[in-house]
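Shown next, in structure tokens, is the structure this report addresses.
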Amino acid sequence: MTTATSFWLGTSWKMTKTLGEAGAYADELRSAVEAGNVPPELRLFVLPATTSLATVHDRLDGSGVTLGAQNAHPGPDGAVTGEVSMSMVRDAGASLVEIGHAERRTLLGETDDMVADKVAAAVSAGLTPLVCVGETAAERARGETPGVLAHQVRAALGRLGRDRPSELMVAYEPHWAIGSEGRPATPTEVSEGLAVVRRALDEDLMGTPTSVLYGGSVHAGNAADLVTGLDVDGLFVGRAAWTAPGLLDLAHRCTDALRRRRPRRRTTPDLVSAIVRKDPR
Ligand code: PGA
């Protein structure tokens, strides 16, 4: 695995925003970028609802902000009522696609198999997959976290065949840390999860630039600590970035923290093995 160098900061708008609200957010973001208010170290991304993709694309085109979809179907265009394909979201302006978010896994029954199909389809369509992995509270309580994460990472990449993504993003998002009832993960919990994800990726992805992000109740009060204290390539935010000022505030906090961050030390394979041994699946 080759680590990507810049720092990602992005948000999924989930099932929010009318076309008007989405366009207004995009306009505000574009003005901030054009006014030089977004530090160059950051790669911003937004994942609107599918209905707003094309509008947001029109407003942000050429701004440097990456646009992605929250989901797409793995099959080719055709008779699948209610779905949109990878090529359709690409046509609407997406260059990345989120796959396997906790809410899709738990509320909509998205399985590791479906995630694997979607990752392969995304790569064939020329989209960067943003794969979400994370354990449930029950899995954590049973001591299964490392096994679950390693399994989800390997399963997600298992159908790639000879196709390799030109870039890959993986977000560690413990299910219990997400949403208004979530408990923000402690830096130690995040650090252990990130280390397991990186090790599982190392086994599979020689040479693909890969970014490992953290998401789950990231907000103005904890973003800086996550950036300075962890070996993390980006933050993936929900509620705290559902307004443009919210995202821009986080952008400044992350940049200040990046400038203070000491050169990163990768968690050693020995430590990861110790975590996995302590907590086998
Ligand atoms: P949250 O969502 O920041 O609102 O907890 C995070 C996510 O689902 O990625």
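How things are named: the first chain in the structure tokens is A, the next is B, and so on; residues count from 1 in each chain; ligands count from 1 in the order shown.
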Near Leu194 in chain A, within 12 Å and counting only C-alpha atoms, which residues show up once chain neighbours fewer than 2 positions away are dropped, as an mmCIF file with C-alpha atoms, in the first residue's frame?
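Output saved as out_38.cif:
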data_model
loop_
_atom_site.group_PDB
_atom_site.id
_atom_site.type_symbol
_atom_site.label_atom_id
_atom_site.label_comp_id
_atom_site.auth_asym_id
_atom_site.auth_seq_id
_atom_site.Cartn_x
_atom_site.Cartn_y
_atom_site.Cartn_z
ATOM 1 C CA CYS A 132 -16.510 2.214 4.976
ATOM 2 C CA VAL A 133 -15.647 -0.470 7.502
ATOM 3 C CA GLY A 134 -16.505 -0.656 11.174
ATOM 4 C CA THR A 145 -13.178 -5.699 16.411
ATOM 5 C CA PRO A 146 -9.853 -6.577 14.717
ATOM 6 C CA LEU A 149 -12.331 -4.989 10.373
ATOM 7 C CA ALA A 150 -9.752 -7.190 8.682
ATOM 8 C CA VAL A 153 -11.384 -4.836 4.275
ATOM 9 C CA VAL A 170 -11.085 3.452 3.277
ATOM 10 C CA ALA A 171 -12.896 4.996 6.232
ATOM 11 C CA TYR A 172 -12.816 3.372 9.649
ATOM 12 C CA GLU A 173 -16.235 4.204 11.066
ATOM 13 C CA PRO A 174 -17.226 2.238 14.154
ATOM 14 C CA ALA A 185 -14.404 6.916 19.747
ATOM 15 C CA PRO A 187 -8.054 8.257 20.142
ATOM 16 C CA THR A 188 -6.838 4.853 21.374
ATOM 17 C CA GLU A 189 -9.861 3.077 19.935
ATOM 18 C CA VAL A 190 -9.455 4.919 16.637
ATOM 19 C CA SER A 191 -5.737 4.258 16.512
ATOM 20 C CA GLU A 192 -6.183 0.511 17.034
ATOM 21 C CA VAL A 196 -5.823 -3.091 11.736
ATOM 22 C CA VAL A 197 -7.263 -1.533 8.568
ATOM 23 C CA ARG A 198 -3.800 -0.557 7.340
ATOM 24 C CA ARG A 199 -2.430 -4.013 7.941
ATOM 25 C CA ALA A 200 -5.284 -5.678 6.052
ATOM 26 C CA LEU A 201 -4.738 -3.228 3.177
ATOM 27 C CA SER A 211 -5.939 6.931 2.225
ATOM 28 C CA VAL A 212 -7.317 5.691 5.529
ATOM 29 C CA LEU A 213 -9.845 8.074 7.080
ATOM 30 C CA TYR A 214 -11.734 8.137 10.348
ATOM 31 C CA GLY A 215 -15.417 8.985 10.708
ATOM 32 C CA LEU A 226 -7.860 13.290 15.917
ATOM 33 C CA LEU A 230 -3.435 9.754 14.968
ATOM 34 C CA ASP A 231 -1.943 8.186 11.895
ATOM 35 C CA VAL A 232 -4.943 9.221 9.825
ATOM 36 C CA ASP A 233 -5.128 10.493 6.231
ATOM 37 C CA GLY A 234 -8.428 12.291 6.552
ATOM 38 C CA ARG A 266 3.205 4.087 11.488
ATOM 39 C CA THR A 267 1.938 1.625 14.098
ATOM 40 C CA THR A 268 4.415 -1.228 13.929
ATOM 41 C CA VAL A 272 -0.903 -4.717 15.267
ATOM 42 C CA ILE A 275 -3.868 -6.276 19.035
#
Please provide as a short mmCIF file (atom, residue, chain, number, x, y, z; two decimals) with C-alpha atoms, in the first residue's frame all residues within 9 Å of Asn222 in chain A, with the sequence filter that same-chain residues fewer than 5 positions apart are discarded (counting only C-alpha atoms).
data_model
loop_
_atom_site.label_atom_id
_atom_site.label_comp_id
_atom_site.auth_asym_id
_atom_site.auth_seq_id
_atom_site.Cartn_x
_atom_site.Cartn_y
_atom_site.Cartn_z
CA PRO A 184 -17.22 9.47 19.81
CA SER A 217 -19.12 11.99 15.49
CA VAL A 227 -5.53 14.92 13.40
#
Counting only C-alpha atoms and all ligand atoms, which protein, DNA or RNA residues come within 8 Å of ligand 1, given as a list in words?
Thr11, Ser12, Lys14, His101, Ala102, Glu103, Glu173, Ala177, Ile178, Gly179, Ser180, Gly182, Gly215, Gly216, Ser217, Val218, His219, Phe236, Val237, Gly238, Arg239, Ala240 and Ala241 of chain A
Select from range 25-73 of chain A everything DSSP, run on the backbone, classes as strand (DSSP E), then give the selection as a list in words.
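Secondary structure check on range 25-73 of chain A, strand (DSSP E): Leu42, Arg43, Leu44, Phe45, Val46, Leu47, Thr66, Leu67, Gly68 and Ala69 of chain A.
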So that I can see what lies close to range 244-248 of chain A, please list as a count of residues only the residues with an atom at most 8 Å from it, counting only C-alpha atoms and leaving out residues fewer than 2 positions away in the same chain.
13
Tell me, in Å to one decimal, how far CA of Glu139 in chain A is from CA of Ala156 in chain A.
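Taking CA of Glu139 in chain A as the start and CA of Ala156 in chain A as the end point, the length is 18.7 Å.
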Quick one: residues within 12 Å of Thr51 in chain A, only C-alpha atoms, excluding same-chain residues fewer than 4 positions away - as a list in words?
Trp13, Lys14, Met15, Thr16, Lys17, Thr18, Leu19, Gly20, Glu21, Ala22, Gly23, Leu47, Thr55, Val56, His57, Ala69, Gln70, Asn71, Glu83, Val84, Met88, Val89, Ala92 and Gly93 of chain A
Please dump the current selection as a short mmCIF file (atom, residue, chain, number, x, y, z; two decimals), in the first residue's frame; keep N, CA, C and O atoms.
data_model
loop_
_atom_site.label_atom_id
_atom_site.label_comp_id
_atom_site.auth_asym_id
_atom_site.auth_seq_id
_atom_site.Cartn_x
_atom_site.Cartn_y
_atom_site.Cartn_z
N TRP A 13 -23.77 14.17 2.97
CA TRP A 13 -24.98 14.89 3.41
C TRP A 13 -26.10 13.91 3.74
O TRP A 13 -27.20 14.33 4.13
N LYS A 14 -25.84 12.62 3.53
CA LYS A 14 -26.84 11.58 3.81
C LYS A 14 -28.17 11.98 3.15
O LYS A 14 -28.17 12.54 2.06
N MET A 15 -29.31 11.72 3.84
CA MET A 15 -30.61 11.98 3.19
C MET A 15 -31.10 13.36 3.62
O MET A 15 -32.13 13.51 4.28
N THR A 16 -30.32 14.39 3.25
CA THR A 16 -30.71 15.77 3.58
C THR A 16 -30.52 16.64 2.34
O THR A 16 -29.77 16.29 1.45
N LYS A 17 -31.17 17.76 2.33
CA LYS A 17 -31.02 18.88 1.39
C LYS A 17 -31.87 18.76 0.12
O LYS A 17 -31.75 17.82 -0.65
N THR A 18 -32.66 19.81 -0.04
CA THR A 18 -33.36 20.02 -1.30
C THR A 18 -32.33 20.47 -2.34
O THR A 18 -31.19 20.82 -1.99
N LEU A 19 -32.78 20.57 -3.58
CA LEU A 19 -31.87 21.08 -4.62
C LEU A 19 -31.39 22.49 -4.29
O LEU A 19 -30.22 22.81 -4.46
N GLY A 20 -32.32 23.30 -3.79
CA GLY A 20 -31.96 24.68 -3.45
C GLY A 20 -30.92 24.73 -2.34
O GLY A 20 -29.96 25.50 -2.41
N GLU A 21 -31.12 23.91 -1.31
CA GLU A 21 -30.17 23.90 -0.19
C GLU A 21 -28.80 23.37 -0.63
O GLU A 21 -27.76 23.88 -0.23
N ALA A 22 -28.84 22.34 -1.47
CA ALA A 22 -27.58 21.77 -1.94
C ALA A 22 -26.81 22.79 -2.78
O ALA A 22 -25.59 22.97 -2.62
N GLY A 23 -27.54 23.50 -3.65
CA GLY A 23 -26.89 24.50 -4.50
C GLY A 23 -26.32 25.64 -3.67
O GLY A 23 -25.21 26.13 -3.93
N LEU A 47 -20.42 14.54 -0.55
CA LEU A 47 -21.25 13.47 -1.10
C LEU A 47 -22.71 13.86 -0.93
O LEU A 47 -23.31 13.61 0.11
N THR A 55 -26.54 19.06 -9.89
CA THR A 55 -26.56 20.49 -9.51
C THR A 55 -25.26 20.88 -8.80
O THR A 55 -24.65 21.92 -9.12
N VAL A 56 -24.87 20.04 -7.84
CA VAL A 56 -23.66 20.38 -7.09
C VAL A 56 -22.44 20.32 -8.02
O VAL A 56 -21.51 21.13 -7.91
N HIS A 57 -22.45 19.36 -8.94
CA HIS A 57 -21.36 19.29 -9.91
C HIS A 57 -21.26 20.60 -10.70
O HIS A 57 -20.17 21.17 -10.85
N ALA A 69 -20.72 10.17 -4.88
CA ALA A 69 -22.06 9.66 -4.60
C ALA A 69 -22.02 8.85 -3.31
O ALA A 69 -20.97 8.34 -2.91
N GLN A 70 -23.19 8.73 -2.67
CA GLN A 70 -23.26 7.99 -1.40
C GLN A 70 -23.45 6.50 -1.63
O GLN A 70 -23.34 5.70 -0.69
N ASN A 71 -23.77 6.12 -2.86
CA ASN A 71 -24.05 4.72 -3.16
C ASN A 71 -24.31 4.62 -4.65
O ASN A 71 -24.66 5.62 -5.28
N GLU A 83 -32.80 2.04 -8.85
CA GLU A 83 -31.36 2.14 -8.60
C GLU A 83 -30.69 3.06 -9.62
O GLU A 83 -31.26 3.35 -10.68
N VAL A 84 -29.48 3.47 -9.30
CA VAL A 84 -28.65 4.17 -10.30
C VAL A 84 -27.31 3.44 -10.37
O VAL A 84 -26.83 2.92 -9.37
N MET A 88 -23.84 5.93 -14.16
CA MET A 88 -24.78 7.06 -14.09
C MET A 88 -24.32 8.10 -13.07
O MET A 88 -24.43 9.31 -13.32
N VAL A 89 -23.80 7.67 -11.93
CA VAL A 89 -23.34 8.69 -10.96
C VAL A 89 -22.08 9.37 -11.49
O VAL A 89 -21.85 10.56 -11.27
N ALA A 92 -23.18 11.99 -13.76
CA ALA A 92 -23.73 13.15 -13.05
C ALA A 92 -22.64 14.00 -12.40
O ALA A 92 -22.93 15.03 -11.80
N GLY A 93 -21.39 13.54 -12.48
CA GLY A 93 -20.29 14.37 -11.99
C GLY A 93 -19.49 13.78 -10.85
O GLY A 93 -18.51 14.39 -10.40
#
Could you give me, as a PyMOL selection string, the residues within 12 Å of Ala72 in chain A, counting only C-alpha atoms and dropping anything in the same chain fewer than 2 positions from it?
chain A and resi 49-50+68-70+74-77+80+82-90+92+94+96-100+104+110+114-115+117-122+125+127+129-130
Separation of CA of Asp163 in chain A from CA of Thr111 in chain A in Å:
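Separating CA of Thr111 in chain A from CA of Asp163 in chain A is a distance of 21.5 Å.
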Which of A:Asp256, A:Asp202, A:Asp61, A:Glu167 sits closest to Pro39 in chain A [using only C-alpha atoms]
A:Asp256
Would you please give, as a count of residues only, all residues of range 33-183 of chain A that DSSP assigns to helix (DSSP H, G or I) based on the backbone?
59
Find the spatial neighbours of Ala223 in chain A, counting only C-alpha atoms, within a cut-off of 9 Å - ignore same-chain residues fewer than 6 positions away - and output them as a list in words.
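After dropping sequence-adjacent residues, the list is Leu235, Leu250, Arg253, Cys254 and Ala257 of chain A.
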Keeping C-alpha atoms for every residue in the selection just given, could you write it to a file as a PDB file, in the first residue's frame?
ATOM      1  CA  LEU A 235     -11.683  12.816   8.405  1.00  0.00           C
ATOM      2  CA  LEU A 250     -13.375  21.998  10.409  1.00  0.00           C
ATOM      3  CA  ARG A 253      -9.092  23.275  12.609  1.00  0.00           C
ATOM      4  CA  CYS A 254      -7.629  20.385  10.623  1.00  0.00           C
ATOM      5  CA  ALA A 257      -3.593  20.649  13.606  1.00  0.00           C
TER       6      ALA A 257
END
Length of the CA of Leu157 in chain A to CA of Ser124 in chain A vector [Å]:
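The value is 13.0 Å.
Across A:Thr66, A:Thr136, A:Thr186, A:Ser95, the tightest approach to Arg30 in chain A is made by A:Thr66 when counting only C-alpha atoms.
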